[in-house]
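What follows is the content of coords.csv (CSV, C-alpha atoms).
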chain,number,residue,atom,x,y,z
K,220,MET,CA,179.8,82.9,120.9
K,221,ILE,CA,182.4,85.6,121.0
K,222,ALA,CA,185.5,85.0,123.2
K,223,ILE,CA,186.8,88.1,124.9
K,224,MET,CA,190.5,87.2,125.5
K,225,ASP,CA,191.6,87.7,129.0
K,226,TYR,CA,195.3,88.3,129.4
K,227,GLU,CA,195.2,90.8,132.3
K,228,ALA,CA,195.6,93.8,130.0
K,229,GLY,CA,192.1,94.5,128.8
K,230,ASN,CA,188.9,96.5,129.2
K,231,LEU,CA,187.0,93.3,129.5
K,232,THR,CA,183.9,94.0,131.5
K,233,SER,CA,183.0,97.1,129.4
K,234,VAL,CA,183.3,95.0,126.2
K,235,ALA,CA,181.2,92.2,127.7
K,236,ARG,CA,178.6,94.8,128.9
K,237,ALA,CA,178.3,96.2,125.4
K,238,LEU,CA,177.8,92.8,123.8
K,239,ASN,CA,175.2,91.9,126.5
K,240,LYS,CA,173.3,95.0,125.5
K,241,LEU,CA,173.2,93.7,122.0
K,242,ASN,CA,172.2,90.3,123.2
K,243,VAL,CA,175.3,88.8,121.7
K,244,SER,CA,176.6,85.7,123.4
K,245,ASN,CA,180.1,86.2,124.8
K,246,LYS,CA,182.5,85.0,127.4
K,247,ILE,CA,185.6,86.5,129.1
K,248,THR,CA,188.1,83.7,129.0
K,249,SER,CA,191.8,82.8,129.1
K,250,ASP,CA,191.2,79.2,128.2
K,251,ARG,CA,193.0,78.4,125.0
K,252,GLN,CA,190.5,75.8,123.7
K,253,GLU,CA,187.5,78.1,124.5
K,254,ILE,CA,189.1,80.9,122.6
K,255,LEU,CA,189.9,78.7,119.5
K,256,ASN,CA,186.4,77.2,119.6
K,257,ALA,CA,184.6,80.5,119.7
K,258,GLY,CA,182.9,81.9,116.6
K,259,GLN,CA,184.8,85.2,116.9
K,260,ILE,CA,187.5,86.6,119.2
K,261,ILE,CA,187.8,90.1,120.6
K,262,PHE,CA,191.3,91.0,121.6
K,263,PRO,CA,191.1,94.1,123.8
K,264,GLY,CA,193.9,95.9,125.6
K,265,VAL,CA,194.8,98.9,127.8
K,266,GLY,CA,198.1,100.0,129.3
K,267,ALA,CA,201.6,99.6,127.8
K,268,ALA,CA,202.6,97.4,124.9
K,269,GLY,CA,205.5,95.8,126.9
K,270,ALA,CA,203.3,94.7,129.7
K,271,ALA,CA,200.6,93.4,127.4
K,272,MET,CA,203.0,91.3,125.4
K,273,ALA,CA,204.6,90.0,128.6
K,274,ASN,CA,201.2,88.9,129.9
K,275,LEU,CA,200.3,87.3,126.5
K,276,ASN,CA,203.6,85.4,126.4
K,277,LYS,CA,203.3,84.2,130.0
K,278,ALA,CA,199.8,82.8,129.5
K,279,GLY,CA,200.7,81.2,126.1
K,280,LEU,CA,198.0,83.3,124.5
K,281,ASP,CA,200.4,84.8,122.0
K,282,GLU,CA,200.4,81.4,120.2
K,283,VAL,CA,196.6,81.1,120.5
K,284,ILE,CA,196.0,84.4,118.8
K,285,LYS,CA,198.5,83.5,116.0
K,286,THR,CA,196.8,80.1,115.6
K,287,ALA,CA,193.3,81.7,115.4
K,288,PHE,CA,194.5,84.1,112.8
K,289,LYS,CA,196.0,81.3,110.7
K,290,LEU,CA,192.7,79.4,111.0
K,291,GLY,CA,190.8,82.3,109.6
K,292,LYS,CA,188.9,83.0,112.9
K,293,PRO,CA,187.4,86.6,112.8
K,294,ILE,CA,189.4,88.7,115.3
K,295,LEU,CA,188.7,92.3,116.5
K,296,GLY,CA,191.6,94.1,118.2
K,297,ILE,CA,190.8,97.2,120.4
K,298,CYS,CA,193.2,99.9,121.6
K,299,VAL,CA,196.5,98.2,122.7
K,300,GLY,CA,195.0,95.1,121.0
K,301,ALA,CA,195.1,97.2,117.7
K,302,GLN,CA,198.8,97.9,118.3
K,303,ILE,CA,200.5,94.7,119.4
K,304,ILE,CA,199.1,92.8,116.3
K,305,LEU,CA,201.9,94.7,114.4
K,306,GLU,CA,205.5,93.7,114.4
K,307,SER,CA,206.9,96.1,116.9
K,308,SER,CA,206.2,99.1,119.1
K,309,GLU,CA,208.2,102.1,120.1
K,310,GLU,CA,206.6,101.8,123.5
K,311,ASN,CA,209.0,99.8,125.7
K,312,GLU,CA,210.7,98.9,122.3
K,313,THR,CA,208.5,95.8,122.3
K,314,THR,CA,208.5,92.9,119.9
K,315,CYS,CA,204.9,92.3,119.1
K,316,LEU,CA,202.8,89.5,117.4
K,317,GLY,CA,203.5,90.3,113.8
K,318,LEU,CA,200.1,89.4,112.4
K,319,LEU,CA,200.0,92.6,110.4
K,320,PRO,CA,203.2,94.2,108.9
K,321,GLY,CA,204.1,97.5,110.5
K,322,ARG,CA,205.1,99.3,113.6
K,323,VAL,CA,203.6,101.3,116.4
K,324,GLU,CA,204.8,104.9,116.9
K,325,GLY,CA,204.3,107.5,119.6
K,326,PHE,CA,202.7,110.9,119.0
K,327,PRO,CA,205.6,113.5,118.8
K,328,LEU,CA,205.6,116.4,121.2
K,329,GLY,CA,204.5,119.7,119.9
K,330,LEU,CA,201.6,118.6,117.7
K,331,LYS,CA,199.2,121.5,116.9
K,332,ASP,CA,195.6,121.6,115.9
K,333,ARG,CA,194.3,123.7,112.9
K,334,ASP,CA,194.3,126.8,115.0
K,335,GLY,CA,197.9,126.4,116.1
K,336,ALA,CA,197.1,125.3,119.7
K,337,ILE,CA,199.4,122.6,121.2
K,338,LEU,CA,197.6,119.3,121.4
K,339,LYS,CA,197.8,117.2,124.6
K,340,ILE,CA,199.2,113.7,124.7
K,341,PRO,CA,197.6,111.3,125.3
K,342,HIS,CA,195.0,111.8,122.7
K,343,MET,CA,191.9,111.5,124.8
K,344,GLY,CA,188.3,112.0,124.0
K,345,TRP,CA,185.9,112.0,121.1
K,346,ASP,CA,187.2,112.2,117.5
K,347,GLN,CA,186.2,111.4,114.0
K,348,VAL,CA,187.3,108.5,111.8
K,349,GLU,CA,187.4,109.0,108.0
K,350,TRP,CA,186.8,105.6,106.3
K,351,THR,CA,189.3,105.1,103.5
K,352,ARG,CA,187.9,101.8,102.2
K,353,HIS,CA,184.9,99.6,102.6
K,354,HIS,CA,184.9,96.9,105.3
K,355,PRO,CA,181.9,94.8,106.5
K,356,VAL,CA,182.6,95.6,110.2
K,357,PHE,CA,182.2,99.3,109.5
K,358,GLU,CA,179.0,99.1,107.4
K,359,HIS,CA,176.2,101.6,108.1
K,360,ILE,CA,178.4,103.9,110.2
K,361,PRO,CA,177.5,107.5,109.3
K,362,GLU,CA,180.1,109.8,107.9
K,363,LYS,CA,181.8,112.1,110.5
K,364,SER,CA,180.8,109.7,113.4
K,365,GLU,CA,182.9,110.2,116.5
K,366,PHE,CA,184.5,107.5,118.6
K,367,TYR,CA,186.2,107.5,122.0
K,368,PHE,CA,190.0,107.5,122.1
K,369,VAL,CA,192.6,107.2,124.9
K,370,HIS,CA,196.2,106.6,123.6
K,371,SER,CA,199.7,108.0,123.2
K,372,TYR,CA,200.8,105.5,120.5
K,373,TYR,CA,199.2,104.6,117.2
K,374,PRO,CA,199.6,101.8,114.5
K,375,VAL,CA,201.6,102.4,111.3
K,376,PRO,CA,200.8,99.6,108.9
K,377,ARG,CA,203.5,99.0,106.3
K,378,ALA,CA,201.0,98.6,103.5
K,379,SER,CA,198.4,101.3,102.7
K,380,GLU,CA,195.8,98.6,101.9
K,381,CYS,CA,195.8,97.6,105.5
K,382,VAL,CA,194.4,101.0,106.5
K,383,ILE,CA,190.6,101.2,106.8
K,384,GLY,CA,190.1,104.4,108.6
K,385,VAL,CA,192.2,107.5,109.6
K,386,THR,CA,191.9,110.2,112.3
K,387,ASP,CA,193.5,113.6,112.4
K,388,TYR,CA,195.2,114.6,115.6
K,389,GLY,CA,197.9,117.0,114.5
K,390,ILE,CA,198.9,114.2,112.1
K,391,ARG,CA,196.8,111.7,110.2
K,392,PHE,CA,197.1,108.3,111.7
K,393,ALA,CA,195.5,104.9,111.1
K,394,SER,CA,192.7,104.5,113.5
K,395,ALA,CA,191.2,101.4,111.9
K,396,ILE,CA,193.3,98.7,110.3
K,397,GLY,CA,192.8,95.2,109.0
K,398,ILE,CA,194.1,92.3,107.0
K,399,LYS,CA,192.2,89.1,106.0
K,400,ASN,CA,190.2,87.9,109.1
K,401,LEU,CA,191.7,90.5,111.4
K,402,VAL,CA,190.3,94.0,112.0
K,403,ALA,CA,191.4,96.4,114.7
K,404,VAL,CA,190.5,99.9,116.0
K,405,GLN,CA,192.6,102.3,118.0
K,406,PHE,CA,189.4,103.7,119.6
K,407,HIS,CA,187.1,102.0,122.0
K,408,PRO,CA,183.8,100.9,120.3
K,409,GLU,CA,182.4,99.7,123.6
K,410,LYS,CA,182.6,103.3,124.9
K,411,SER,CA,181.5,105.0,121.7
K,412,GLY,CA,177.7,105.0,122.0
K,413,THR,CA,175.4,103.9,119.2
K,414,VAL,CA,178.1,103.8,116.5
K,415,GLY,CA,180.4,101.8,118.6
K,416,LEU,CA,177.7,99.3,119.3
K,417,ARG,CA,177.0,99.1,115.6
K,418,ILE,CA,180.6,98.0,115.0
K,419,LEU,CA,180.3,95.3,117.7
K,420,GLN,CA,177.0,94.2,116.1
K,421,ASN,CA,178.6,94.0,112.7
K,422,PHE,CA,181.6,92.1,114.0
K,423,SER,CA,179.3,89.6,115.8
K,424,THR,CA,178.1,88.4,112.4
K,425,TRP,CA,181.3,88.9,110.3
K,426,ASP,CA,182.6,85.8,108.6
K,427,GLY,CA,186.2,87.1,108.4
K,428,LYS,CA,186.1,88.1,104.8
K,429,ASP,CA,186.2,91.7,103.5

What is this file in C-alpha cells?
Amino acid sequence: MIAIMDYEAGNLTSVARALNKLNVSNKITSDRQEILNAGQIIFPGVGAAGAAMANLNKAGLDEVIKTAFKLGKPILGICVGAQIILESSEENETTCLGLLPGRVEGFPLGLKDRDGAILKIPHMGWDQVEWTRHHPVFEHIPEKSEFYFVHSYYPVPRASECVIGVTDYGIRFASAIGIKNLVAVQFHPEKSGTVGLRILQNFSTWDGKD
C-alpha cells in the first residue's frame, strides 16, 4: 500500500485517482504509523514552501518523513514536495527538511525563450524533461516526453549526481532529483497523462534502490 501523506498542502485526490486507475492500493493519511507502515510514501505538495513546512511541523510529519527516509522507505516527492526535501527555499526564506543537500530558488524575471520572447512566471503547462541518468522510477519513459508543470521555484541540488532530469525554461533547471530511496519531480505525474501514470506505476514497485 502507498501512503499519500496528508499535511494540508497537497494535490491528494488527483494522486489517489491516478493510483486507483492503475489499480495500485493507496490511502490518503496523516496517521504517523500508517505512513511508516506503508510500502511506499508519496509526498505531494502545492502552494508555498513556508506554509507547507509549517503544516508539516505542526502535524509532526516532518519527523515522520525524516524517519521514513532513514529507514530506506521508497519516497516520491511531487511539486512542492520536490522542493522542501532540500535544505532551504528562497520562497518565504524557509528552512526545509534537509533530506537532500541543496536549495530552492525562484525563476528570475526577464527569462526569454529561444526566440527572445519573455517567459511568464509561473512556469505553467507542458514541457519536456531530458533524463541525465538512469533511474528505475523513470524507466520506459520515451525521449522528449512532456509533463505538466505549475511552479515559480525550482530545486537546485548541491551535488550533480542528485539530478536525474532537467527542463529548459529560459534556464536549465533540475526537474527530477533523487538520492538513495528518495526521488522527486517538480512536475505533476498525476496530471501528465500516460507517461505520468508510467512513473507512478514504476514507483509502486520500486524497492528504493537505483

Taking all atoms listed in the file into account, produce a table as a Markdown table in which each residue of segment 291-343 of chain K with an atom at most 9 Å from an atom of segment 411-425 of chain K appears once, together with its shortest atom pair and the distance in Å to one decimal, ordered by chain and rising number.
| residue | atom | partner | partner_atom | distance |
| --- | --- | --- | --- | --- |
| K:Pro293 | CA | K:Trp425 | CA | 7.0 |
| K:Ile294 | CA | K:Phe422 | CA | 8.6 |
| K:Leu295 | CA | K:Phe422 | CA | 7.5 |

key: Selection as a list in words: residues within 7 Å of (204.3, 88.2, 116.2), counting all atoms listed in the file   =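 Nearby residues: Ile304, Glu306, Cys315, Leu316, Gly317 and Leu318 of chain K.
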
Could you please take those selected residues and save C-alpha atoms as an mmCIF file, keeping the file's coordinate frame?
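The resulting file, out04.cif, is reproduced below:
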data_model
loop_
_atom_site.group_PDB
_atom_site.id
_atom_site.type_symbol
_atom_site.label_atom_id
_atom_site.label_comp_id
_atom_site.auth_asym_id
_atom_site.auth_seq_id
_atom_site.Cartn_x
_atom_site.Cartn_y
_atom_site.Cartn_z
ATOM 1 C CA ILE K 304 199.100 92.800 116.300
ATOM 2 C CA GLU K 306 205.500 93.700 114.400
ATOM 3 C CA CYS K 315 204.900 92.300 119.100
ATOM 4 C CA LEU K 316 202.800 89.500 117.400
ATOM 5 C CA GLY K 317 203.500 90.300 113.800
ATOM 6 C CA LEU K 318 200.100 89.400 112.400
#

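Proximity to Pro376 of chain K at 7 Å, evaluated using all atoms listed in the file and with sequence-adjacent residues fewer than 5 positions away removed, yields Pro320, Gly321, Arg322, Cys381 and Val382 of chain K.
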
task = Anything within 12 Å of (195.7, 118.2, 122.9): list those residues as number ranges by chain, counting only C-alpha atoms and sticking to the file's coordinates.
result = K: 326-346, 369-371, 387-390

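Of the listed residues (K:Gly229, K:Gly258, K:Gly296, K:Pro374), K:Gly258 comes nearest to Val243 of chain K; the distances count all atoms listed in the file.
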
inquiry  = For a quick check of understanding, using all atoms listed in the file, which of K:Asp250, K:Ile396, K:Glu362, K:Asn245 has the smallest distance to Asp225 of chain K?
reply    =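 Using all atoms listed in the file, Asp225 of chain K sits closest to K:Asp250.
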
Residue neighbourhood Val265 of chain K, 9 Å, all atoms listed in the file, exclusion window fewer than 4 positions, as a list in words =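 So, after excluding close chain neighbours, the residues are Ala228, Gly229, Asn230, Ala271, Ile297, Cys298, Val299, Gly300 and His370 of chain K.
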
inquiry  = Just to confirm, what's the straight-line distance from atom CA of Lys428 of chain K to atom CA of Asn400 of chain K in Å (one decimal)?
reply    = 5.9 Å

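Each of K:Leu319, K:Ala270, K:Ala301, K:Val356 was compared to Ser394 of chain K using all atoms listed in the file, and K:Ala301 turns out to be the nearest.
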
inquiry  = With distances taken over all atoms listed in the file, which residue among K:Gly325, K:Gly279, K:Pro355, K:Gly427 lies nearest Arg251 of chain K?
reply    = K:Gly279

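Between Asp426 of chain K and the residues K:Met272, K:Ala395, K:Ile360, K:Leu401, the shortest atom-to-atom distance, using all atoms listed in the file, involves K:Leu401.
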
note = Across K:Tyr226, K:Leu305, K:Leu238, K:Gly264, the smallest distance to Asn276 of chain K, with only C-alpha atoms counted, is shown by K:Tyr226

task = Rounded to one decimal place, report the atom CA of Lys399 of chain K-atom CA of Phe262 of chain K distance in Å.
result =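 A separation of 15.7 Å between them.
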
task = To one decimal in Å, tell me the separation between atom CA of Gln259 of chain K and atom CA of Ile223 of chain K.
result =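 Those two atoms sit 8.7 Å apart.
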
Who sits within 10 Å of Asn311 of chain K, all atoms listed in the file, same chain under 6 positions skipped, as a PyMOL selection string = chain K and resi 267-270

query = Contacts of Lys363 of chain K at 8 Å or less, counting all atoms listed in the file, minus same-chain residues fewer than 3 places along, as a list in words?
reply =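 The residues that qualify are Gln347, Val348 and Glu349 of chain K.
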
Write the residues of the preceding selection, restricted to C-alpha atoms, as a short mmCIF file (atom, residue, chain, number, x, y, z; two decimals), keeping the file's coordinate frame.
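Result written to result.cif:
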data_model
loop_
_atom_site.label_atom_id
_atom_site.label_comp_id
_atom_site.auth_asym_id
_atom_site.auth_seq_id
_atom_site.Cartn_x
_atom_site.Cartn_y
_atom_site.Cartn_z
CA GLN K 347 186.20 111.40 114.00
CA VAL K 348 187.30 108.50 111.80
CA GLU K 349 187.40 109.00 108.00
#

Starting from the incomplete input, reconstruct all heavy atoms of segment 418-429 of chain K and report them as a tab-separated table (two decimals), in the coordinates of the input.
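Written output follows (rebuild.tsv):
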chain	number	residue	atom	x	y	z
K	418	ILE	N	179.41	98.77	115.40
K	418	ILE	CA	180.60	98.00	115.00
K	418	ILE	C	180.66	96.67	115.67
K	418	ILE	O	180.95	95.66	115.01
K	418	ILE	CB	181.88	98.87	115.38
K	418	ILE	CG1	182.00	100.07	114.44
K	418	ILE	CG2	183.14	98.00	115.30
K	418	ILE	CD1	183.09	101.04	114.82
K	419	LEU	N	180.35	96.62	116.95
K	419	LEU	CA	180.30	95.30	117.70
K	419	LEU	C	179.27	94.41	117.09
K	419	LEU	O	179.48	93.19	116.97
K	419	LEU	CB	180.14	95.56	119.15
K	419	LEU	CG	181.29	96.28	119.87
K	419	LEU	CD1	180.90	96.56	121.31
K	419	LEU	CD2	182.58	95.45	119.82
K	420	GLN	N	178.11	94.97	116.74
K	420	GLN	CA	177.00	94.20	116.10
K	420	GLN	C	177.50	93.61	114.78
K	420	GLN	O	177.31	92.42	114.48
K	420	GLN	CB	175.79	95.03	115.93
K	420	GLN	CG	174.60	94.29	115.34
K	420	GLN	CD	173.96	93.36	116.34
K	420	GLN	OE1	173.36	93.79	117.32
K	420	GLN	NE2	174.07	92.06	116.10
K	421	ASN	N	178.11	94.46	113.97
K	421	ASN	CA	178.60	94.00	112.70
K	421	ASN	C	179.66	92.90	112.85
K	421	ASN	O	179.65	91.90	112.12
K	421	ASN	CB	179.26	95.18	111.92
K	421	ASN	CG	178.26	96.18	111.40
K	421	ASN	OD1	177.05	95.93	111.36
K	421	ASN	ND2	178.73	97.36	111.02
K	422	PHE	N	180.55	93.09	113.82
K	422	PHE	CA	181.60	92.10	114.00
K	422	PHE	C	181.01	90.76	114.46
K	422	PHE	O	181.51	89.70	114.08
K	422	PHE	CB	182.59	92.59	115.09
K	422	PHE	CG	183.64	91.56	115.44
K	422	PHE	CD1	184.63	91.23	114.53
K	422	PHE	CD2	183.60	90.89	116.66
K	422	PHE	CE1	185.58	90.26	114.82
K	422	PHE	CE2	184.54	89.92	116.96
K	422	PHE	CZ	185.53	89.61	116.05
K	423	SER	N	179.92	90.79	115.24
K	423	SER	CA	179.30	89.60	115.80
K	423	SER	C	178.80	88.65	114.67
K	423	SER	O	178.62	87.45	114.90
K	423	SER	CB	178.22	89.89	116.77
K	423	SER	OG	177.07	90.37	116.11
K	424	THR	N	178.58	89.21	113.48
K	424	THR	CA	178.10	88.40	112.40
K	424	THR	C	179.07	88.30	111.22
K	424	THR	O	178.76	87.73	110.16
K	424	THR	CB	176.75	88.96	111.83
K	424	THR	OG1	176.97	90.31	111.37
K	424	THR	CG2	175.67	88.98	112.91
K	425	TRP	N	180.25	88.85	111.40
K	425	TRP	CA	181.30	88.90	110.30
K	425	TRP	C	181.88	87.49	110.16
K	425	TRP	O	182.21	86.80	111.14
K	425	TRP	CB	182.34	89.88	110.71
K	425	TRP	CG	183.40	90.07	109.66
K	425	TRP	CD1	183.23	90.19	108.31
K	425	TRP	CD2	184.81	90.19	109.89
K	425	TRP	NE1	184.44	90.37	107.68
K	425	TRP	CE2	185.43	90.38	108.63
K	425	TRP	CE3	185.61	90.16	111.03
K	425	TRP	CZ2	186.81	90.53	108.49
K	425	TRP	CZ3	186.97	90.31	110.89
K	425	TRP	CH2	187.56	90.50	109.64
K	426	ASP	N	182.07	87.09	108.90
K	426	ASP	CA	182.60	85.80	108.60
K	426	ASP	C	184.14	85.80	108.38
K	426	ASP	O	184.75	84.79	108.01
K	426	ASP	CB	181.94	85.15	107.39
K	426	ASP	CG	182.14	85.96	106.11
K	426	ASP	OD1	182.84	87.01	106.16
K	426	ASP	OD2	181.58	85.58	105.08
K	427	GLY	N	184.76	86.96	108.59
K	427	GLY	CA	186.20	87.10	108.40
K	427	GLY	C	186.67	87.41	107.04
K	427	GLY	O	187.87	87.38	106.75
K	428	LYS	N	185.74	87.77	106.17
K	428	LYS	CA	186.10	88.10	104.80
K	428	LYS	C	185.67	89.56	104.53
K	428	LYS	O	184.63	90.00	104.97
K	428	LYS	CB	185.41	87.18	103.79
K	428	LYS	CG	185.79	85.73	103.97
K	428	LYS	CD	184.98	84.83	103.07
K	428	LYS	CE	185.32	83.35	103.31
K	428	LYS	NZ	184.49	82.45	102.50
K	429	ASP	N	186.54	90.29	103.79
K	429	ASP	CA	186.20	91.70	103.50
K	429	ASP	C	186.00	91.93	101.99
K	429	ASP	O	185.70	93.00	101.56
K	429	ASP	CB	187.24	92.66	104.05
K	429	ASP	CG	188.62	92.48	103.45
K	429	ASP	OD1	188.77	91.63	102.57
K	429	ASP	OD2	189.55	93.18	103.89
